[in-house]
Amino acid sequence: MKKILTIVLLLSLSIHSCTKLQPKPPKDEEILDGPVEGLSYEEQVQFLKGDIAFNDDIFTVETGLGPLFVSTSCGSCHAGDGKGHPFTTLTRFGQHDSTGNKFLHLGGPQLQNRAIPGYIPEQIPSGATYSKIIPPANTGLGYLEAVTDADILALADPDDINGDGISGRPNWTIPATYLDIPVNSISNNGKYIGRFGKKAAAFNLLHQTVLAYNQDMGITSIYEPYDTYDQLEKDPEVGNQTIHDVVFYLQTLKTPRQRNTDNENVEEGKRLFIQSDCAKCHIPELKTGYSKIEALSFKTFHPYTDMLLHDMGEGLDDGYTEGSALSSEWRTPALWGMGLSKNSQGGTYYLLHDGRATSIHQAIMLHGGEATSSRNKYSSLSIEQRNQIEKFLESL
Amino acid sequence: MKLVLLTSFIVLLSCPCFSQIDSTLLRQAPANSSDTLLNMDAVYNRPFLSIGRLPVSLGGYVEANWQHLGTDGVTEGHQFQMRRFTLFVASTIYDRLKFLSEVEFEDGTKEINIEFAALDMEFHPLLNMRGGIILNPIGAFNQNHDGPKWEFIDRPISSTQMLPATWSNVGFGIYGKQSKQDFMFAYEAYLTNGFNDKIINNSEGRTSLSAAKENEERFEENFNGLPLVTLKAAVSHSKVAEIGLSYMGGVYNKFEEDGLLLNKKYRVDVFAVDMNTVIKITGTYINTEFALIHVEIPPTYSQQYGSRQYGGFLDIVQPFYKKPILGFNESILNISCRLEYVDWNMARFKETNTNIANHVYAIVPSISWRISSETVLRLNYRYQWQADLLGNPYSKTAGFQAGFSSYF
């Protein structure tokens, strides 16, 4: 009888303590995925739908995968919405000058290096130059999308009028015909500011998303209906609603929250970061304009980017151009979430556009071109001071 | 086919003679508990009910449970699940000519499967023929999967998500066994319909033999016209242990259709060992099974789909109270623990020469009350660590499960 009582007791204890003996949720500031604060119920529902499409929709031959592809789901390359790994890199090919990609008829600009059984994947055509690019984190992109063109242009200094050696400029792109141009957009001879991708070649998140479906997974949509295998127009393999849900998900992913802000080293690191002119490109604070999503409208946020292209010198020049971005030009990457990067990169840093730097120090030392004098300022700091910059970046 | 069988069951069950039957005519034949039984005998080693002189005996089992699991702080809350409801129909058509079938309803009626429906003919103890829908004897769990035989609510990960238990196919084969003093030897050899390209073309994003079950046509049509070979040899010593070695292999892709060559042939090969024993002094029951899978992956495919997988489980069951409880005279209380491991992708990234993680560990302590040999109440606690491809911090799942499983 006692035994029975013990069992009954155990059972009720387990029901009672069911959540106590379960894994604790990671602290909000320790993870990158999750929605921005202030979404309405409808918006939360759409966020969830986008989350599922982004992370759980794994494409198969039956649902349209390929025939040529790079990976089978968005989430497989953007684990936990953080930075990627050399295994999940994309390769784009073209040529040295910016006269437009000459290899489109040979499968350019993106290499689909994998194929469903029975098909042969692409290879880089002879004569083409190429760049490998590692996935960036997907956090806070809605904020970056909602910065006004005027604010971005105010940061640009294409002719280096202020003479500081830094001359950021936007990637002026011709938006695909299916993209809506927001009313306050500023045009330059019919071209508009590109914002996303390592060379800022994608106009907005819809553009980036439908290109990703098409080029990364071989999934056609009403927007990008041409198959990468035979360049023929195909029935849509992903619905418009799903695309919009994914775009909404990307727009409403929260921004990473800074940690250890009251740590002395972090504070000192921030001061040194600004003193070394890092903050001239990695702009600490930006603000959004009007957004249809109320939670994103007129907000101040801290991405550490100017969204502009910079010549980063010969060392980072792969000889591949995209839109008006030259081969040595890269868009300043946001530094927010830096300290959490390793949690999505398998425990190691893979920094810079192709992941060649495996530490923050290496990434900084590989800065050249417009960032040369800033890098020199950094390298003339004491080891302790450099560590403080690193501590600061890891707190982001 | 499913429908025909289903209807015949329903007809059988609703047959008026059934409801009017005098219960004294019902003979309950308990499962045989002799030492000389092997895992391969599991399909027949179940309690059956015979009705008067009807040549058909019936049986089945049912499993239901409650669970409350959480993954990284997110829980689906209280879940009440009717995992399985399985019916057996067996009949001895003629001396040495038997038929047995097992139909399973999983998660309500979400999945209805004929797990087994085969005719057995004995020519000699060393030569029996079996044909129909059979359970491929890979490892031991697949053949010996009835819920009431286990102390754990979840089936092992390695047997369900890695190996596709329950994995049954249409086919034919032979088996036999022979005993000599304390030893018993047995073999099984079958040719059946095989796997299909779902192994690498699935929505799990990894090599998955169990995804092959998604192909609805597999009982009707062999995907590529080549047989799947399954071989098993087992030895047991009545005082030591039973050990089984098994192999299953074949081509899984469609390389040809309408006489046109479509692709090269790609193979899947599985090797498994299983062992079970009772340590006489302590009465501890130990049961384990490990398998290694090798799948040829087209070179054009992503390394996300691994060519080698490995995994298994170890169950340790310790009876600690064998006295009547609440008038159930055969009551036994067991305390047990299951350890599980599966590596979904045993390889290194070409790009970085670092390990492809993608593995899962679990530990499942359990307390169970065997009310009789046929019914068990179980309380499990599960803690599970899942690593993604890149080896990022583990996603952790844990929680309690409680439920019962019983033959009827």
# chains A, B, ... in the order shown; residues from 1 in each chain; ligands from 1
$ closest_atom_pairs --of "chain A" --to "chain B" --cutoff "6 Å" --atoms "only C-alpha atoms" --output "tab-separated table"
residue	atom	partner	partner_atom	distance
A:Gln22	CA	B:Ala398	CA	5.0
A:Pro23	CA	B:Asp72	CA	5.3
A:Lys24	CA	B:Gly73	CA	4.7
A:Pro25	CA	B:Gly73	CA	3.7
A:Ile58	CA	B:Ser203	CA	5.0
A:Thr60	CA	B:Asn201	CA	5.4
A:Phe87	CA	B:Glu351	CA	5.9
A:Arg114	CA	B:Thr300	CA	5.1
A:Ala115	CA	B:Thr300	CA	5.3
A:Gly118	CA	B:Asn263	CA	5.3
A:Asn343	CA	B:Asn392	CA	5.3
A:Ser344	CA	B:Asn392	CA	5.7
A:Gly346	CA	B:Asn392	CA	4.6
$ residues_around --residues "range 368-380 of chain A" --least-positions-apart "2" --cutoff "12 Å" --atoms "only C-alpha atoms" --output "JSON, numbers by chain"
{"A": [157, 158, 160, 163, 164, 165, 166, 167, 168, 169, 269, 272, 273, 274, 275, 276, 277, 278, 279, 280, 281, 282, 309, 310, 311, 312, 313, 314, 315, 316, 317, 328, 329, 330, 332, 361, 362, 363, 364, 365, 366, 382, 383, 384, 385, 386, 387, 388, 389, 390]}
$ residues_around --residues "Ala201 in chain A" --least-positions-apart "2" --cutoff "7 Å" --atoms "only C-alpha atoms" --output "PyMOL selection string"
chain A and resi 171+173+194-197+199+203+322-323
$ residues_around --residues "range 231-242 of chain B" --least-positions-apart "3" --cutoff "9 Å" --atoms "only C-alpha atoms" --output "PyMOL selection string"
chain B and resi 35-40+136-139+181-190+245-248+274-280
$ atom_distance --atom1 "CA of Thr91 in chain A" --atom2 "CA of Tyr130 in chain A"
6.7 Å
$ residues_around --residues "range 55-57 of chain B" --least-positions-apart "5" --cutoff "7 Å" --atoms "only C-alpha atoms" --output "number ranges by chain"
B: 48-50, 89-92
$ residues_around --residues "Ala146 in chain A" --least-positions-apart "2" --cutoff "6 Å" --atoms "only C-alpha atoms" --output "PyMOL selection string"
chain A and resi 143-144+288-289
$ residues_around --residues "Val342 in chain B" --least-positions-apart "4" --cutoff "7 Å" --atoms "only C-alpha atoms" --output "PyMOL selection string"
chain B and resi 158+310-312+359-361
$ write_last_selection --atoms "N, CA and C atoms" --output "PDB file, in the first residue's frame"
ATOM      1  N   SER B 158      16.866   5.453 -31.925  1.00  0.00           N
ATOM      2  CA  SER B 158      17.628   4.755 -32.970  1.00  0.00           C
ATOM      3  C   SER B 158      16.777   3.747 -33.717  1.00  0.00           C
ATOM      4  N   TYR B 310      25.038   6.128 -37.018  1.00  0.00           N
ATOM      5  CA  TYR B 310      25.322   5.115 -36.020  1.00  0.00           C
ATOM      6  C   TYR B 310      24.465   5.420 -34.806  1.00  0.00           C
ATOM      7  N   GLY B 311      23.938   4.411 -34.175  1.00  0.00           N
ATOM      8  CA  GLY B 311      23.176   4.706 -32.971  1.00  0.00           C
ATOM      9  C   GLY B 311      22.600   3.457 -32.339  1.00  0.00           C
ATOM     10  N   GLY B 312      22.089   3.632 -31.147  1.00  0.00           N
ATOM     11  CA  GLY B 312      21.491   2.514 -30.460  1.00  0.00           C
ATOM     12  C   GLY B 312      21.010   2.902 -29.079  1.00  0.00           C
ATOM     13  N   HIS B 359      23.925  15.078 -33.760  1.00  0.00           N
ATOM     14  CA  HIS B 359      23.691  13.865 -32.991  1.00  0.00           C
ATOM     15  C   HIS B 359      22.723  14.140 -31.846  1.00  0.00           C
ATOM     16  N   VAL B 360      22.268  13.079 -31.243  1.00  0.00           N
ATOM     17  CA  VAL B 360      21.333  13.232 -30.126  1.00  0.00           C
ATOM     18  C   VAL B 360      21.690  12.222 -29.031  1.00  0.00           C
ATOM     19  N   TYR B 361      21.612  12.675 -27.783  1.00  0.00           N
ATOM     20  CA  TYR B 361      21.777  11.801 -26.626  1.00  0.00           C
ATOM     21  C   TYR B 361      20.496  11.865 -25.817  1.00  0.00           C
TER      22      TYR B 361
END
$ atom_distance --atom1 "CA of Tyr229 in chain A" --atom2 "CA of Thr321 in chain A"
22.7 Å
$ closest_residue --among "A:Glu122, A:Glu224, A:Asp159, A:Asp180" --to "Gly107 in chain A" --atoms "only C-alpha atoms"
A:Glu122
$ select_by_dssp --residues "range 244-362 of chain B" --states "strand (DSSP E or B)" --output "PyMOL selection string"
chain B and resi 244-251+256-257+260-261+267-279+284-295+308-321+325+328+332-343+348+355+359-362
$ closest_residue --among "B:Phe85, B:Trp167, B:Phe172, B:Phe408" --to "Lys213 in chain B" --atoms "only C-alpha atoms"
B:Trp167
$ atom_distance --atom1 "CA of Gly59 in chain B" --atom2 "CA of Leu163 in chain B"
26.4 Å
$ select_by_dssp --residues "range 158-247 of chain A" --states "alpha helix (DSSP H)" --output "list in words"
Leu205, Leu206, His207, Gln208, Thr209, Val210, Leu211, Met217, Asn240, Gln241, Thr242, Ile243, His244, Asp245, Val246 and Val247 of chain A
